[in-house]
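Asks: Submitted below is the structure of interest, expressed as structure tokens.
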Amino acid sequence: MNAGELLERSLAYALGSVAGAESMGLGRGTPCAEWDLGELLGHLDDSLDALYEGLTGGRIGLLPHADRECGFRTRACAVLGAWAAGAEGEVLVGERPLDVRVMGAVGAVEIAVHGWDVAQACGRARPLPVALAAELLPVARCVVAAEDRGVRFGEPVTVAASAPPDVRLLAFLGRRDSFPR
């Protein structure tokens with residue numbers, strides 16, 4: 001698995017989901033029960049800023065929220081640029097060292113799945129790419145622990161073992177493949 005490639009593919013998918021999202025109304029509900037669309041977009045921004053900080057030791061900083069799509073694109077480019085400049089070694093997450101490739105892979109899961117959440121909140125049928133989901137699913141299974149359930153993730157949703165990888169990834173992270181509107 002190439003974490004940089006996963007991160008790039010996840011960002012590309014999420015960029016397509018974020019495009020035009022702001023015009024849908026930031027108060028819309030999302031599959032993340034505690035967040036409306038504006039809060040979810042803010043969380044995505046924070047996630048990109050954290051990835052950038054892990055890669056560079058610096059922060060992208062606050063971007064004006066006048067155009068969230070442009071801001072997300074700017075942050076995504078900064079993260080990919082930082083990765084291309086030489087992502088290696090370890091980063092500190094809290095007090096714990098973490099291999100930067102693991103951070104990139106976990107970031108890819110976060111960005112892709114929240115990209116799906118944004119699309120669902122906007123009423124768009126925008127499935128996660130099956131090949132991407134197939135690579136992200138083992139990452140998610142390695143990093144989401146039982147104590148994360150009910151806090152950062154919902155309980156897993158039961159789906160058939162034969163379900164496509166995108167459906168299994170979403171179900172593992174407590175999401176159904178269709179968001180009731």
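Ligands are numbered from 1 in the order shown, residues from 1 within each chain, and chains are lettered A, B, ... in the order they appear in the structure tokens.
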Residues of chain A in strand (DSSP E or B) according to DSSP, as a PyMOL selection string?

Replies: chain A and resi 29+36+90-93+96-99+149+153

Asks: I want to know what sits within 7 Å of segment 6-16 of chain A, based on only C-alpha atoms, with residues of the same chain fewer than 3 positions away left out; could you give that as a list of chain:residue names?

Replies: A:Asn2, A:Ala3, A:Ala19, A:Arg73, A:Ala76, A:Leu80, A:Gly104, A:Ala105, A:Gly107, A:Ala108, A:Ile111, A:Ala112, A:Gly115

Asks: Taking into account only C-alpha atoms, which residue in the set A:Ala163, A:Leu51, A:Phe172, A:Gly4 is nearest to Ala84 of chain A?

Replies: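 Under the stated criterion, the closest residue is A:Gly4.
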
Asks: Considering only C-alpha atoms, return as an MDAnalysis selection string whatever protein or nucleic-acid residues lie within 9 Å of Pro127 of chain A, sequence-local ones (same chain, fewer than 4 positions apart) excluded.

Replies: chainID A and resid 116 119 166:167 177

Asks: Out of A:Glu53, A:Arg75, A:Val93, A:Ala121, which residue has the shortest atom-to-atom distance to Ser23 of chain A when counting only C-alpha atoms?

Replies: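 Going through A:Glu53, A:Arg75, A:Val93, A:Ala121 one by one, the smallest distance to Ser23 of chain A is for A:Ala121.
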
Asks: Identify, on the basis of only C-alpha atoms, every residue whose closest approach to Thr30 of chain A does not exceed 10 Å; exclude the query and any residue fewer than 3 positions from it along the same chain; express the result as number ranges by chain.

Replies: A: 27, 33-40, 114, 116-123, 179-181

Asks: Print the selection's residues with N, CA, C and O atoms to a file, as a CSV table (one decimal), in the first residue's frame.

Replies:
```
chain,number,residue,atom,x,y,z
A,27,GLY,N,-26.5,24.3,7.1
A,27,GLY,CA,-27.2,23.8,8.2
A,27,GLY,C,-27.8,22.4,7.9
A,27,GLY,O,-28.4,21.8,8.8
A,33,ALA,N,-24.1,12.4,13.0
A,33,ALA,CA,-25.2,13.0,13.7
A,33,ALA,C,-25.0,14.3,14.5
A,33,ALA,O,-25.9,15.1,14.6
A,34,GLU,N,-23.8,14.4,15.0
A,34,GLU,CA,-23.5,15.6,15.8
A,34,GLU,C,-23.2,16.9,15.0
A,34,GLU,O,-23.0,17.9,15.5
A,35,TRP,N,-22.9,16.7,13.7
A,35,TRP,CA,-22.5,17.8,12.8
A,35,TRP,C,-23.4,18.1,11.7
A,35,TRP,O,-24.0,17.2,11.1
A,36,ASP,N,-23.6,19.4,11.5
A,36,ASP,CA,-24.3,19.8,10.3
A,36,ASP,C,-23.2,20.0,9.2
A,36,ASP,O,-22.0,19.7,9.4
A,37,LEU,N,-23.7,20.3,8.0
A,37,LEU,CA,-22.7,20.4,6.8
A,37,LEU,C,-21.6,21.4,7.1
A,37,LEU,O,-20.4,21.1,6.8
A,38,GLY,N,-21.9,22.5,7.6
A,38,GLY,CA,-20.9,23.5,7.9
A,38,GLY,C,-19.8,23.0,8.9
A,38,GLY,O,-18.6,23.2,8.7
A,39,GLU,N,-20.3,22.3,9.9
A,39,GLU,CA,-19.3,21.7,10.9
A,39,GLU,C,-18.5,20.6,10.3
A,39,GLU,O,-17.3,20.4,10.6
A,40,LEU,N,-19.1,19.8,9.4
A,40,LEU,CA,-18.4,18.7,8.8
A,40,LEU,C,-17.3,19.3,7.8
A,40,LEU,O,-16.2,18.8,7.8
A,114,HIS,N,-15.4,11.1,5.0
A,114,HIS,CA,-16.1,12.4,5.2
A,114,HIS,C,-16.4,13.0,3.9
A,114,HIS,O,-17.4,13.8,3.8
A,116,TRP,N,-17.6,11.3,1.4
A,116,TRP,CA,-18.9,10.6,1.2
A,116,TRP,C,-20.0,11.2,2.1
A,116,TRP,O,-21.1,11.4,1.6
A,117,ASP,N,-19.6,11.5,3.3
A,117,ASP,CA,-20.6,12.2,4.2
A,117,ASP,C,-21.1,13.5,3.6
A,117,ASP,O,-22.3,13.8,3.6
A,118,VAL,N,-20.2,14.3,3.1
A,118,VAL,CA,-20.6,15.5,2.4
A,118,VAL,C,-21.5,15.3,1.3
A,118,VAL,O,-22.5,16.0,1.1
A,119,ALA,N,-21.2,14.3,0.4
A,119,ALA,CA,-22.0,14.0,-0.7
A,119,ALA,C,-23.4,13.6,-0.3
A,119,ALA,O,-24.4,14.1,-0.9
A,120,GLN,N,-23.5,12.8,0.7
A,120,GLN,CA,-24.8,12.3,1.3
A,120,GLN,C,-25.6,13.5,1.8
A,120,GLN,O,-26.8,13.6,1.5
A,121,ALA,N,-24.9,14.4,2.5
A,121,ALA,CA,-25.6,15.6,3.1
A,121,ALA,C,-26.2,16.5,2.0
A,121,ALA,O,-27.2,17.1,2.2
A,122,CYS,N,-25.5,16.5,0.8
A,122,CYS,CA,-25.9,17.3,-0.3
A,122,CYS,C,-26.9,16.6,-1.2
A,122,CYS,O,-27.4,17.1,-2.2
A,123,GLY,N,-27.3,15.3,-0.8
A,123,GLY,CA,-28.2,14.6,-1.6
A,123,GLY,C,-27.7,14.0,-2.9
A,123,GLY,O,-28.4,13.7,-3.8
A,179,PHE,N,-28.2,7.7,3.0
A,179,PHE,CA,-28.5,8.6,4.1
A,179,PHE,C,-29.9,9.0,4.0
A,179,PHE,O,-30.3,9.6,3.0
A,180,PRO,N,-30.8,8.7,5.0
A,180,PRO,CA,-32.2,9.1,4.9
A,180,PRO,C,-32.3,10.7,5.0
A,180,PRO,O,-31.7,11.3,5.8
A,181,ARG,N,-33.0,11.2,4.1
A,181,ARG,CA,-33.3,12.6,4.0
A,181,ARG,C,-34.7,13.0,4.3
A,181,ARG,O,-35.6,12.3,4.1
```

Asks: Report the distance between atom CA of Arg101 of chain A and atom CA of Tyr52 of chain A in Å, rounded to one decimal place.

Replies: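 Atom CA of Tyr52 of chain A lies at a distance of 13.1 Å from atom CA of Arg101 of chain A.
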